[in-house]
Structure formats: structure tokens, C-alpha cells
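**Q** File input34.cif below, mmCIF, C-alpha atoms:
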```
data_run
#
loop_
_atom_site.label_atom_id
_atom_site.label_comp_id
_atom_site.auth_asym_id
_atom_site.auth_seq_id
_atom_site.Cartn_x
_atom_site.Cartn_y
_atom_site.Cartn_z
CA MET A 20 -1.18 18.10 -160.53
CA ASN A 21 -4.34 17.47 -158.54
CA VAL A 22 -3.68 17.91 -154.84
CA THR A 23 -5.92 16.47 -152.16
CA ARG A 24 -5.17 17.90 -148.74
CA VAL A 25 -5.80 15.50 -145.89
CA ALA A 26 -6.34 16.61 -142.29
CA GLY A 27 -4.03 14.10 -140.65
CA ASP A 28 -2.93 10.55 -139.92
CA ILE A 29 -2.55 9.58 -143.57
CA PHE A 30 1.24 9.12 -143.38
CA ARG A 31 3.25 6.89 -141.10
CA PRO A 32 5.30 8.97 -138.64
CA SER A 33 9.06 8.80 -138.42
CA PRO A 34 10.07 5.75 -136.36
CA ALA A 35 12.90 7.75 -134.78
CA VAL A 36 13.04 11.22 -133.28
CA LEU A 37 14.58 13.59 -135.82
CA ILE A 38 16.55 16.57 -134.55
CA ARG A 39 17.88 19.50 -136.52
CA ALA A 40 21.48 20.33 -135.79
CA ALA A 41 20.49 23.94 -135.07
CA ASP A 42 17.91 22.78 -132.50
CA ALA A 43 20.46 20.47 -130.90
CA ALA A 44 22.82 23.40 -130.41
CA LEU A 45 20.07 25.47 -128.78
CA THR A 46 18.97 22.72 -126.39
CA GLY A 47 22.40 21.38 -125.49
CA ILE A 48 21.86 17.97 -127.13
CA ARG A 49 25.17 16.31 -127.95
CA VAL A 50 25.24 15.56 -131.66
CA ARG A 51 28.00 13.00 -131.14
CA ASP A 52 25.42 10.77 -129.40
CA HIS A 53 23.31 10.80 -132.56
CA VAL A 54 23.40 9.37 -136.08
CA ARG A 55 23.33 11.74 -139.04
CA VAL A 56 20.30 10.76 -141.12
CA ARG A 57 21.10 13.44 -143.68
CA PRO A 58 23.02 16.72 -143.51
CA GLY A 59 21.63 18.79 -140.68
CA ILE A 60 19.23 16.09 -139.42
CA TYR A 61 20.12 13.60 -136.67
CA ALA A 62 18.48 10.72 -134.80
CA PRO A 63 19.43 9.24 -131.41
CA ALA A 64 22.01 6.50 -131.97
CA GLY A 65 20.20 4.03 -129.73
CA GLU A 66 16.90 4.45 -131.57
CA TRP A 67 18.57 4.18 -134.95
CA ALA A 68 20.37 0.97 -134.03
CA GLY A 69 17.05 -0.71 -133.24
CA LEU A 70 15.34 0.13 -136.52
CA ALA A 71 14.69 -2.38 -139.29
CA PRO A 72 15.93 -1.43 -142.78
CA TRP A 73 12.49 -0.27 -143.98
CA GLU A 74 12.09 1.81 -140.80
CA ARG A 75 15.42 3.51 -141.44
CA TYR A 76 14.25 4.29 -144.94
CA LEU A 77 11.04 5.86 -143.62
CA ALA A 78 13.12 7.99 -141.25
CA ARG A 79 15.29 9.09 -144.19
CA VAL A 80 12.16 10.18 -146.08
CA HIS A 81 10.97 12.22 -143.10
CA ALA A 82 14.43 13.75 -142.72
CA TYR A 83 14.41 14.84 -146.36
CA ALA A 84 10.96 16.37 -145.88
CA ARG A 85 12.38 18.45 -143.01
CA VAL A 86 14.93 20.13 -145.28
CA ASN A 87 12.86 20.09 -148.51
CA PRO A 88 9.28 20.87 -147.48
CA HIS A 89 8.09 21.39 -151.06
CA ALA A 90 9.10 17.92 -152.25
CA VAL A 91 6.38 15.57 -153.51
CA PHE A 92 7.47 12.04 -152.68
CA SER A 93 6.91 9.18 -155.11
CA LEU A 94 7.71 5.48 -155.67
CA GLU A 95 9.25 3.78 -152.59
CA SER A 96 9.37 7.07 -150.68
CA ALA A 97 5.62 7.56 -151.06
CA ALA A 98 5.08 3.86 -150.31
CA ALA A 99 7.00 4.21 -147.03
CA LEU A 100 4.84 7.15 -145.97
CA LEU A 101 1.60 5.44 -147.03
CA GLY A 102 2.41 2.09 -145.43
CA LEU A 103 2.60 0.13 -148.68
CA PRO A 104 5.05 -2.82 -148.79
CA LEU A 105 8.76 -2.12 -149.08
CA PHE A 106 11.43 -4.65 -149.95
CA GLY A 107 14.78 -4.25 -148.25
CA HIS A 108 16.21 -0.76 -147.80
CA PRO A 109 15.70 1.28 -151.01
CA ARG A 110 18.77 3.14 -152.18
CA HIS A 111 17.18 6.44 -153.09
CA ILE A 112 14.75 9.09 -151.96
CA HIS A 113 12.25 9.56 -154.81
CA THR A 114 10.27 12.69 -155.67
CA VAL A 115 8.20 13.69 -158.69
CA ASP A 116 8.26 16.93 -160.67
CA VAL A 117 5.29 17.24 -163.05
CA GLY A 118 6.32 19.23 -166.09
CA GLY A 119 9.89 19.54 -164.83
CA THR A 120 13.12 17.71 -165.60
CA SER A 121 14.59 14.54 -164.17
CA ARG A 122 17.71 15.00 -162.09
CA ALA A 123 19.78 13.27 -159.45
CA TYR A 124 21.94 14.45 -156.58
CA GLY A 125 23.35 12.35 -153.80
CA ASP A 126 20.75 9.81 -152.73
CA VAL A 127 17.85 11.79 -154.25
CA ARG A 128 16.16 11.07 -157.56
CA VAL A 129 13.72 13.61 -159.00
CA HIS A 130 11.48 12.06 -161.66
CA ALA A 131 10.00 14.26 -164.36
CA SER A 132 6.47 13.42 -165.47
CA THR A 133 4.13 14.70 -168.12
CA ASP A 134 1.16 12.91 -166.53
CA ASP A 135 -1.14 14.52 -164.03
CA CYS A 136 -1.25 12.73 -160.69
CA ASP A 137 -3.12 12.96 -157.43
CA THR A 138 -1.16 13.78 -154.31
CA VAL A 139 -1.99 13.79 -150.63
CA THR A 140 -0.64 16.31 -148.14
CA ASP A 141 -0.48 15.74 -144.40
CA ALA A 142 1.36 17.78 -141.77
CA GLY A 143 3.25 19.65 -144.46
CA ILE A 144 4.47 16.53 -146.29
CA SER A 145 3.23 15.66 -149.80
CA ALA A 146 3.31 12.40 -151.72
CA THR A 147 1.59 10.71 -154.63
CA GLY A 148 -1.63 8.97 -153.57
CA LEU A 149 -2.22 5.26 -153.11
CA ALA A 150 -3.33 4.52 -156.67
CA ASP A 151 -0.61 6.57 -158.39
CA THR A 152 2.09 5.22 -156.09
CA SER A 153 0.96 1.63 -156.65
CA ILE A 154 0.91 1.91 -160.44
CA ALA A 155 4.32 3.59 -160.47
CA LEU A 156 5.85 0.85 -158.31
CA MET A 157 4.19 -1.99 -160.20
CA ARG A 158 5.90 -0.69 -163.34
CA VAL A 159 9.42 -0.96 -161.91
CA LEU A 160 9.43 -3.69 -159.25
CA PRO A 161 9.92 -7.40 -159.97
CA PRO A 162 6.39 -8.68 -160.72
CA ALA A 163 5.96 -10.74 -157.53
CA PHE A 164 6.73 -7.66 -155.43
CA GLY A 165 4.52 -5.51 -157.63
CA LEU A 166 1.71 -7.97 -156.96
CA ALA A 167 2.17 -7.42 -153.22
CA VAL A 168 2.02 -3.64 -153.65
CA GLY A 169 -1.09 -3.83 -155.83
CA ASP A 170 -2.83 -6.23 -153.45
CA ALA A 171 -2.08 -3.92 -150.54
CA ALA A 172 -3.58 -0.98 -152.41
CA ARG A 173 -6.70 -3.02 -153.23
CA ALA A 174 -7.00 -4.02 -149.57
CA ARG A 175 -6.86 -0.31 -148.68
CA GLY A 176 -9.88 0.39 -150.87
CA VAL A 177 -8.35 1.30 -154.24
CA ASP A 178 -10.63 0.09 -157.04
CA SER A 179 -9.21 -2.14 -159.75
CA GLU A 180 -10.98 0.05 -162.31
CA ASP A 181 -9.13 3.13 -161.03
CA LEU A 182 -5.80 1.35 -161.34
CA GLN A 183 -6.62 0.25 -164.88
CA THR A 184 -7.68 3.78 -165.81
CA LEU A 185 -4.40 5.21 -164.50
CA ALA A 186 -2.39 2.61 -166.41
CA ASP A 187 -4.29 3.28 -169.65
CA ALA A 188 -4.00 7.06 -169.35
CA SER A 189 -0.28 7.17 -168.61
CA SER A 190 2.21 8.17 -171.28
CA ALA A 191 4.92 6.07 -169.61
CA ARG A 192 6.02 3.08 -171.66
CA ARG A 193 8.08 1.33 -169.01
CA GLY A 194 6.39 -1.64 -167.38
CA ARG A 195 3.35 -1.83 -169.66
CA SER A 196 3.66 -5.59 -170.14
CA THR A 197 4.17 -6.04 -166.40
CA LEU A 198 0.99 -4.09 -165.68
CA ARG A 199 -0.93 -6.21 -168.20
CA TRP A 200 0.08 -9.28 -166.18
CA LEU A 201 -0.46 -7.72 -162.76
CA LEU A 202 -3.72 -5.80 -162.95
CA PRO A 203 -6.06 -8.76 -163.64
CA ARG A 204 -4.46 -10.69 -160.76
CA LEU A 205 -4.80 -8.10 -158.01
CA THR A 206 -7.10 -8.92 -155.12
CA ARG A 207 -8.21 -7.19 -151.95
CA TYR A 208 -8.34 -10.54 -150.15
CA SER A 209 -4.61 -11.15 -149.84
CA GLU A 210 -3.75 -10.63 -146.17
CA SER A 211 0.05 -10.33 -146.31
CA VAL A 212 3.01 -9.68 -148.55
CA GLY A 213 3.93 -13.35 -148.16
CA GLU A 214 0.58 -14.46 -149.54
CA SER A 215 0.91 -12.17 -152.56
CA VAL A 216 4.45 -13.26 -153.39
CA SER A 217 3.46 -16.90 -152.85
CA ARG A 218 0.61 -16.54 -155.33
CA ALA A 219 3.04 -15.42 -158.02
CA VAL A 220 5.48 -18.24 -157.24
CA ILE A 221 2.66 -20.82 -157.28
CA GLU A 222 1.61 -19.72 -160.77
CA TRP A 223 5.14 -19.54 -162.14
CA CYS A 224 6.02 -23.00 -160.77
CA GLY A 225 3.17 -24.33 -162.89
CA PHE A 226 0.81 -25.38 -160.10
CA ALA A 227 -2.95 -25.19 -160.38
CA MET A 228 -4.14 -21.87 -159.01
CA PRO A 229 -5.88 -22.03 -155.63
CA GLU A 230 -8.83 -20.24 -154.12
CA ILE A 231 -7.62 -17.65 -151.62
CA GLN A 232 -9.13 -17.04 -148.18
CA ALA A 233 -11.57 -19.88 -148.81
CA GLU A 234 -13.82 -21.02 -145.97
CA THR A 235 -14.34 -24.62 -144.91
CA THR A 236 -15.85 -26.33 -141.87
CA VAL A 237 -14.33 -29.38 -140.20
CA GLU A 238 -15.41 -31.05 -136.98
CA GLY A 239 -17.78 -28.19 -136.27
CA HIS A 240 -15.10 -25.49 -136.66
CA ALA A 241 -15.22 -22.91 -139.46
CA TYR A 242 -11.78 -22.09 -140.83
CA ARG A 243 -10.51 -19.69 -143.46
CA LEU A 244 -7.61 -20.96 -145.53
CA ASP A 245 -4.92 -18.81 -147.13
CA PHE A 246 -4.90 -21.13 -150.15
CA PHE A 247 -7.26 -23.98 -151.02
CA TRP A 248 -7.10 -26.40 -153.92
CA ARG A 249 -10.65 -27.63 -153.56
CA THR A 250 -10.57 -30.33 -156.24
CA ALA A 251 -7.33 -31.81 -154.87
CA ARG A 252 -8.53 -31.22 -151.27
CA VAL A 253 -5.26 -29.52 -150.31
CA ALA A 254 -4.86 -26.48 -148.08
CA GLY A 255 -1.88 -24.12 -147.92
CA GLU A 256 -0.84 -21.59 -145.29
CA SER A 257 1.64 -18.74 -145.72
CA ASP A 258 3.04 -18.04 -142.26
CA GLY A 259 3.86 -14.48 -141.26
CA TYR A 260 4.40 -15.32 -137.58
CA GLY A 261 2.81 -12.04 -136.47
CA LYS A 262 -0.06 -14.03 -134.99
CA TYR A 263 2.43 -15.65 -132.60
CA SER A 264 3.77 -12.37 -131.19
CA GLY A 265 2.98 -11.27 -127.66
CA ASP A 266 3.84 -12.40 -124.17
CA ALA A 267 4.72 -16.03 -123.45
CA ALA A 268 1.22 -17.05 -122.34
CA THR A 269 -0.45 -15.42 -125.37
CA THR A 270 2.06 -16.95 -127.78
CA THR A 271 1.66 -20.40 -126.26
CA ALA A 272 -2.13 -20.20 -126.51
CA ALA A 273 -1.88 -19.10 -130.16
CA LEU A 274 0.47 -21.98 -130.98
CA ILE A 275 -1.87 -24.50 -129.33
CA ARG A 276 -4.88 -23.18 -131.25
CA GLU A 277 -2.97 -23.29 -134.52
CA LYS A 278 -1.79 -26.86 -133.85
CA GLN A 279 -5.36 -27.97 -133.10
CA ARG A 280 -6.58 -26.23 -136.24
CA GLU A 281 -3.93 -27.86 -138.41
CA ASP A 282 -4.58 -31.33 -136.90
CA ARG A 283 -8.30 -31.06 -137.67
CA LEU A 284 -7.63 -29.94 -141.24
CA ARG A 285 -5.11 -32.73 -141.83
CA ARG A 286 -7.65 -35.31 -140.67
CA HIS A 287 -10.18 -34.18 -143.27
CA LEU A 288 -8.05 -33.03 -146.21
CA ALA A 289 -5.86 -34.95 -148.63
CA GLY A 290 -2.90 -32.62 -148.01
CA PHE A 291 -1.74 -29.62 -146.02
CA ALA A 292 1.27 -27.37 -146.76
CA ARG A 293 2.79 -24.61 -144.67
CA TRP A 294 5.58 -22.25 -145.70
CA SER A 295 7.13 -18.88 -144.85
CA MET A 296 7.90 -15.75 -146.85
CA ALA A 297 11.54 -16.89 -146.96
CA ASP A 298 10.41 -20.21 -148.49
CA ALA A 299 8.49 -18.34 -151.19
CA LEU A 300 11.49 -16.13 -152.00
CA GLN A 301 13.74 -19.19 -152.30
CA VAL A 302 11.09 -20.90 -154.50
CA ALA A 303 12.35 -24.47 -154.00
CA PRO A 304 11.04 -24.90 -150.41
CA LEU A 305 7.55 -23.71 -151.41
CA GLN A 306 7.66 -25.88 -154.52
CA HIS A 307 8.61 -28.93 -152.43
CA ALA A 308 5.89 -28.24 -149.85
CA LEU A 309 3.18 -28.08 -152.51
CA LEU A 310 4.39 -31.17 -154.36
CA SER A 311 4.53 -33.12 -151.09
CA ALA A 312 0.98 -32.02 -150.22
CA GLY A 313 -0.34 -33.20 -153.59
CA VAL A 314 -1.00 -29.92 -155.42
CA PRO A 315 -1.18 -30.76 -159.13
CA LEU A 316 1.13 -29.27 -161.74
CA VAL A 317 -0.72 -27.98 -164.79
CA ALA A 318 1.97 -26.05 -166.69
CA PRO A 319 5.76 -25.96 -167.11
CA PRO A 320 7.73 -23.65 -164.80
CA ARG A 321 8.47 -20.10 -165.92
CA THR A 322 12.10 -20.06 -164.84
CA PRO A 323 13.04 -16.42 -165.67
CA LEU A 324 10.11 -15.14 -163.63
CA LEU A 325 10.97 -17.43 -160.73
CA ARG A 326 14.52 -16.06 -160.75
CA SER A 327 13.15 -12.53 -160.45
CA VAL A 328 11.59 -13.33 -157.06
CA ALA A 329 14.93 -13.25 -155.25
CA HIS A 330 16.18 -10.15 -157.06
CA ASN A 331 15.18 -6.58 -156.29
CA PRO A 332 17.60 -4.26 -158.09
CA ARG A 333 16.08 -1.18 -156.43
CA SER A 334 17.27 -2.31 -152.98
CA HIS A 335 20.74 -2.76 -151.56
#
```
Can the structure in the file be given as C-alpha cells, please?
**A**
Amino acid sequence: MNVTRVAGDIFRPSPAVLIRAADAALTGIRVRDHVRVRPGIYAPAGEWAGLAPWERYLARVHAYARVNPHAVFSLESAAALLGLPLFGHPRHIHTVDVGGTSRAYGDVRVHASTDDCDTVTDAGISATGLADTSIALMRVLPPAFGLAVGDAARARGVDSEDLQTLADASSARRGRSTLRWLLPRLTRYSESVGESVSRAVIEWCGFAMPEIQAETTVEGHAYRLDFFWRTARVAGESDGYGKYSGDAATTTAALIREKQREDRLRRHLAGFARWSMADALQVAPLQHALLSAGVPLVAPPRTPLLRSVAHNPRSH
């Protein structure tokens, strides 16, 4: 195993304060006001209640690192630490043991591997690196989610050639056909999980494939479009709503700018479609939006793949 030690700030910190039971006893902290994250490790109940599912999972990973400092995290556990996309709240804590044996206990899964892999270590916590983690997840996730993970790795500077080299060198047989589909489609230009998942759904619905993050100028304003079908003169936008967050005045200003932008585009394009991540996961709303905007169909739908979009068996 090749280990790269990193000085700091490579992993996302725990989103909740984690307290050892022994430390709580010494400082007089009342454990009954806390949630047990795992045996011997607690978090304040108020903080825990406010966490999203993926944040709770990240806290669980950090809690396991507290009691098992020699663990090397992999799969979703490494993804949580590295800030790669997660889907739902993964069931298990995943670690890798190169040259060891696979085993399971409680919510922990230890995966044996005969392949060498690069790891990163920060503040005493170790995990597989971006490229290794991405390839491992792309093997096991539904392909649309794997596309989001691979795109995120590319956006973080991982070369497509490095990913291909890792896939070719691995002895693992699982997910080889999925990787053959995914690797040529990865891009560093996808700006959100929603855009990546949408790209998969667009292809599987049988629509013509768009340009992504294409630039166009209308009425003296230069705009970048999430999706652009240039021949059909149709634009598509995958909304993440993060751009509308902030105080009331900031949000209002952002909404006005977006409305002005969309009005200008509609005046000069043949069609304009907007959808959310939820629309992409449900397939039909995205499909309807694109048909209504005039995006051409060029192939029959790939129904089994479309069904996989709403199903992530690794999450509960």
C-alpha cells in the first residue's frame, strides 16, 4: 500500500462535536444529553438532530476513527471524508485491508484487496485517495450516481488517464462493464451532482446529447448554460437552489437576475427547460420538460437503466 501523508485540511471535519464517554465523565458532561454515535463516542443531541443524513454518516466515520485509529477508510466512508458525493445515509462503515481478509461486524465492513492503492493520511485518519475511492465507488453504485462521483473527482483534478489506468490494473471483476460505460463519459465541467445524474437520464431517455457548460451571448449578455442543444436551439438548466441561499435581500436579487436571464434566453432560443435533482431522479418530469422544450429523441429509452436511477441499494 502506497501511503501519501498530507499535512492537513484534506478531510472534512466531523459536523458534530464528538465526545468520548471517558472524557465526559472527567469533565462532568451529562451523557444523557447526548446521542451515542457508536459505543463510547457521543455527540450533543441538539447538534445531532440538526444534521442531514450524509452529515450523520460523516460523523459516524469520524467516531469510528476515534476508536480504531489504524483503520483505512474506503468506499462511501472515504468519500465522506474527501467530500465526494454521497447518496442517502450509507448503511456501513467501510475500510480496506490490503492482503488481509474480508470480514464484517456490526455496521463495519472490512474489504480485503490484493491490489495496491494510494491512501492519504490527515490528523491521524487514513483513507483511500480520490482516484482509488472514485473507481471503487463507480464499480458498485448505480451508474448515474457513479457518474456523479467520477465527475466530482475529475473536477478535483483527477486525470481521466489515471482513472483508466487504475481500472485496467485492478484484479477486481465487479463493475467492469459499468466502468467501461462510465470512464469515457466523465467530465470535469459538470458543476453539480444534479447535472451529472441528469446527463445519464438524458442519454438513457434517448435524447440527443447536449453540450455542457456551453457559452452563448444574447442581448449583449454572455451566459453559460448547463446543457445546450445547439442544433435544436434549446437550453436546459439543472437547478440546485444553492445560488438562491442567503438573506432575503440577497435571495431576492438572485431570483430577479435569474428571471431576467431566463427571459432573455427564451426570447432568442427555440426552447428552454428547467428541472431539479428530484425531477431527474423521478425521470418522467425531466423527460417531459425536455420534450416540451423541443429536445429531439434519437434513440429508444433504456428502461432498466432508467429504473436504476431511483434505486441505491447501498443506502437505507
**Q** If you count all atoms listed in the file, which residues fall within 10 Å of Pro63 in chain A, apart from same-chain ones fewer than 4 positions away, as a list of chain:residue names?
**A**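 Skipping anything fewer than 4 positions along the chain leaves A:Ala35, A:Val36, A:Leu37, A:Ile38, A:Arg49, A:Val50, A:Arg51, A:Asp52, A:His53, A:Val54, A:Arg55, A:Val56, A:Trp67, A:Ala68.
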**Q** Report, as lines of an AutoDock Vina configuration file, the axis-aligned box around all atoms of range 56-61 of chain A present in the file, extended by 6 Å on each side; give centre and edge lengths in Å to one decimal place.
**A**
```
center_x = 21.1
center_y = 14.8
center_z = -140.2
size_x = 15.8
size_y = 20.0
size_z = 19.0
```
**Q** Evaluating the PyMOL selection byres ((chain A and resi 109) around 12) on the displayed file yields which residues, as a ChimeraX atom specification?
**A** /A:72-77,79-80,94-99,104-108,110-113,126-128,160,331-335
**Q** Please report the interatomic distance between CA of Val117 in chain A and CA of Gly148 in chain A in Å with one decimal.
**A** 14.4 Å
**Q** May I ask for the distance between CA of Thr140 in chain A and CA of Leu198 in chain A, given in Å to one decimal place?
**A** 27.0 Å
**Q** Which residue, A:Val302, A:Val220, A:Val168, A:Val237, has the smallest gap to Arg280 in chain A when you use all atoms listed in the file?
**A** A:Val237
**Q** For each of A:Arg321, A:Arg122, A:Arg204, A:Arg276, take the minimum atom-to-atom distance to Ile231 in chain A, counting all atoms listed in the file, then give the residue where this is smallest.
**A** A:Arg204
**Q** Could you tell me which residues the PyMOL selection byres ((chain A and resi 181-191) around 8) grabs in this file, written as JSON, numbers by chain?
**A** {"A": [133, 134, 150, 151, 154, 177, 178, 179, 180, 192, 193, 195, 198, 202]}
**Q** Based on the selection just made, write C-alpha atoms of those residues as a JSON list (two decimals), in the frame of the given file.
**A**
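New file again16.json:
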```json
[["chain", "number", "residue", "atom", "x", "y", "z"],
["A", 133, "THR", "CA", 4.13, 14.70, -168.12],
["A", 134, "ASP", "CA", 1.16, 12.91, -166.53],
["A", 150, "ALA", "CA", -3.33, 4.52, -156.67],
["A", 151, "ASP", "CA", -0.61, 6.57, -158.39],
["A", 154, "ILE", "CA", 0.91, 1.91, -160.44],
["A", 177, "VAL", "CA", -8.35, 1.30, -154.24],
["A", 178, "ASP", "CA", -10.63, 0.09, -157.04],
["A", 179, "SER", "CA", -9.21, -2.14, -159.75],
["A", 180, "GLU", "CA", -10.98, 0.05, -162.31],
["A", 192, "ARG", "CA", 6.02, 3.08, -171.66],
["A", 193, "ARG", "CA", 8.08, 1.33, -169.01],
["A", 195, "ARG", "CA", 3.35, -1.83, -169.66],
["A", 198, "LEU", "CA", 0.99, -4.09, -165.68],
["A", 202, "LEU", "CA", -3.72, -5.80, -162.95]]
```
**Q** If you apply the PyMOL selection byres ((chain A and resi 304) around 12) to this file, what residues do you get, as a list in words?
**A** Ser217, Val220, Ile221, Cys224, Ala292, Arg293, Trp294, Ser295, Met296, Ala297, Asp298, Ala299, Leu300, Gln301, Val302, Ala303, Leu305, Gln306, His307, Ala308, Leu309, Leu310 and Ser311 of chain A
**Q** Name the residues, using the chain letters and numbers of the file, that sit within 12 Å of (-3.9, -32.1, -139.4) when counting only C-alpha atoms, and give them as a PyMOL selection string.
**A** chain A and resi 237-238+253-255+277-293+312
**Q** Residues of the last selection are to be written out with C-alpha atoms, as a PDB file, in the frame of the given file.
**A**
```
ATOM      1  CA  VAL A 237     -14.330 -29.380-140.200  1.00  0.00           C
ATOM      2  CA  GLU A 238     -15.410 -31.050-136.980  1.00  0.00           C
ATOM      3  CA  VAL A 253      -5.260 -29.520-150.310  1.00  0.00           C
ATOM      4  CA  ALA A 254      -4.860 -26.480-148.080  1.00  0.00           C
ATOM      5  CA  GLY A 255      -1.880 -24.120-147.920  1.00  0.00           C
ATOM      6  CA  GLU A 277      -2.970 -23.290-134.520  1.00  0.00           C
ATOM      7  CA  LYS A 278      -1.790 -26.860-133.850  1.00  0.00           C
ATOM      8  CA  GLN A 279      -5.360 -27.970-133.100  1.00  0.00           C
ATOM      9  CA  ARG A 280      -6.580 -26.230-136.240  1.00  0.00           C
ATOM     10  CA  GLU A 281      -3.930 -27.860-138.410  1.00  0.00           C
ATOM     11  CA  ASP A 282      -4.580 -31.330-136.900  1.00  0.00           C
ATOM     12  CA  ARG A 283      -8.300 -31.060-137.670  1.00  0.00           C
ATOM     13  CA  LEU A 284      -7.630 -29.940-141.240  1.00  0.00           C
ATOM     14  CA  ARG A 285      -5.110 -32.730-141.830  1.00  0.00           C
ATOM     15  CA  ARG A 286      -7.650 -35.310-140.670  1.00  0.00           C
ATOM     16  CA  HIS A 287     -10.180 -34.180-143.270  1.00  0.00           C
ATOM     17  CA  LEU A 288      -8.050 -33.030-146.210  1.00  0.00           C
ATOM     18  CA  ALA A 289      -5.860 -34.950-148.630  1.00  0.00           C
ATOM     19  CA  GLY A 290      -2.900 -32.620-148.010  1.00  0.00           C
ATOM     20  CA  PHE A 291      -1.740 -29.620-146.020  1.00  0.00           C
ATOM     21  CA  ALA A 292       1.270 -27.370-146.760  1.00  0.00           C
ATOM     22  CA  ARG A 293       2.790 -24.610-144.670  1.00  0.00           C
ATOM     23  CA  ALA A 312       0.980 -32.020-150.220  1.00  0.00           C
TER      24      ALA A 312
END
```
**Q** Would you please work out which residue, of A:Ala163, A:Phe92, A:Trp223, A:Glu234, is nearest to Leu201 in chain A when using only C-alpha atoms?
**A** A:Ala163
**Q** List the neighbours of Gly165 in chain A out to 9 Å using all atoms listed in the file; skip same-chain residues closer than 4 positions along the sequence, and give me the result as a ChimeraX atom specification.
**A** /A:153-154,156-161,169-170,197-198,201,216
**Q** Of the candidates A:Asp116, A:Asp135, A:Asp245, A:Asp141, which one gets nearest to Arg31 in chain A if we count all atoms listed in the file?
**A** A:Asp141
**Q** Please report the interatomic distance between CA of Ala41 in chain A and CA of Leu100 in chain A in Å with one decimal.
**A**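 The value is 25.4 Å.
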**Q** Find, counting all atoms listed in the file, the residue in A:Ile48, A:Ala155, A:Ala174, A:Ala62 that gets nearest to Val212 in chain A.
**A**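 Among the listed residues, A:Ala174 lies closest to Val212 in chain A.
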**Q** Point out the residue among A:Leu101, A:Ala78, A:Ala64, A:Val317 with the least atom-to-atom distance to Leu149 in chain A, counting only C-alpha atoms.
**A** A:Leu101
